[in-house]
Every structure is written in structure tokens, then in C-alpha cells.
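S.K.: Can you read through this structure? Questions will come right after.
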Amino acid sequence: MLLETNLIEQLQSFLLELGKGFAFVAQQKHLRVESDDFFVDLVFYNYLLKCFLLVDLKVGKLTHPDVGQMDMYVRVFGEQCRGEGDNPTLGLILCPERNEAVAKYSLVVIVHLYLPRPSYRQSYNVTVPC
């Protein structure tokens, strides 16, 4: 929670780091699935891409459960919150330690499921710095 609070305090510079067109939407966005409650750390909307960006903040190395959790968040958020005309919701996991194997084998699923149209992938690459 401290990481999140510090990030909110630095929101302007964080938005500029994300790229063009991002607006802050929510902190600890509540998602309910049947009788279970889940909370997305941060939610942004990109008015150029017309899509939501969910951000999950981690304090350790990226793990497979982290990727699975974000996958669920993106699917649930898309079903419960995405508006008509919005592009698919994107997920971003920020963590201080890399795990290239987990990222590599998860990236294929993310690109094919969440960025299905080549034109959407292309505009995303142009708008958001890597």
C-alpha cells in the first residue's frame, strides 16, 4: 500500500512515463466475481487508444500466479466495466525484479488474447513507450 500511495503522489510524472493520452480512473478498483472480491491496484484510461489499462504493483519477482491474476482482472474488468466502443482492456504488472521466462511465455497469450487486431497493436506500440 505504501508503494501505491507514493505512486499516487507522483501521478503526473507516472502518467507521462506511461505515454500519451492516459487519464487516472481509480485506485483499488473493486471487482466482484460471484461471492469473491478482488481489487485492481490502479486503473487508467487511454483516450487515444480508447482502452483501459489495469496496473498491478508487485514488490517481488514476477511469478506465474501474478500473470494469472492479471489475466483474470483484465477479463473480469472487460466484462464488467468496458464500454461499448472501447478496445480490449490491457494489463500491466510492475515489479522490481524480472523473470524473463515467465514474461516470455506469458507474452504470447497476452498479445493474442488482448491485442487481437494488428492495427490496434500498431497504435499501442506508437502511443506507449517501451
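Following the order of the C-alpha cells, chains are lettered A, B, ..., residues in each are numbered from 1, and ligands are numbered from 1.
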Could you pull the residues within 6 Å of segment 95-97 of chain A, counting only C-alpha atoms, minus those fewer than 6 positions along the same chain, as a ChimeraX atom specification?
M.R.: /A:58-59,61
S.K.: Could you pull out the residues in chain A that DSSP calls helix (DSSP H, G or I) from the backbone, as a PyMOL selection string?
M.R.: chain A and resi 2-9+11-18+64-80+100-114+118-127
S.K.: Please provide as a short mmCIF file (atom, residue, chain, number, x, y, z; two decimals) with N, CA and C atoms, in the first residue's frame all residues within 12 Å of Thr5 of chain A, with the sequence filter that same-chain residues fewer than 6 positions apart are discarded (counting only C-alpha atoms).
M.R.:
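Output saved as out37.cif:
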```cif
data_model
loop_
_atom_site.label_atom_id
_atom_site.label_comp_id
_atom_site.auth_asym_id
_atom_site.auth_seq_id
_atom_site.Cartn_x
_atom_site.Cartn_y
_atom_site.Cartn_z
N LEU A 11 1.74 11.04 -9.44
CA LEU A 11 0.88 10.64 -10.55
C LEU A 11 1.22 11.35 -11.86
N GLN A 27 -8.15 3.90 -7.96
CA GLN A 27 -7.17 3.21 -7.12
C GLN A 27 -7.94 2.15 -6.35
N GLN A 28 -7.41 0.94 -6.28
CA GLN A 28 -8.07 -0.18 -5.61
C GLN A 28 -9.49 -0.38 -6.14
N ASP A 41 -5.01 -2.61 -8.38
CA ASP A 41 -4.27 -1.51 -7.75
C ASP A 41 -4.58 -0.16 -8.38
N LEU A 42 -4.38 -0.04 -9.68
CA LEU A 42 -4.60 1.24 -10.37
C LEU A 42 -5.28 1.00 -11.71
N LEU A 57 0.70 -3.68 -8.94
CA LEU A 57 2.01 -3.37 -8.38
C LEU A 57 2.50 -4.51 -7.52
#
```
S.K.: Interatomic distance between atom CA of Leu49 of chain A and atom CA of Asn87 of chain A?
M.R.: 7.2 Å
S.K.: Restricting the calculation to only C-alpha atoms: of A:Glu9, A:Glu17, A:Glu34, A:Glu84, which residue gets closest to Lys50 of chain A?
M.R.: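 For Lys50 of chain A, the nearest of the given residues is A:Glu84.
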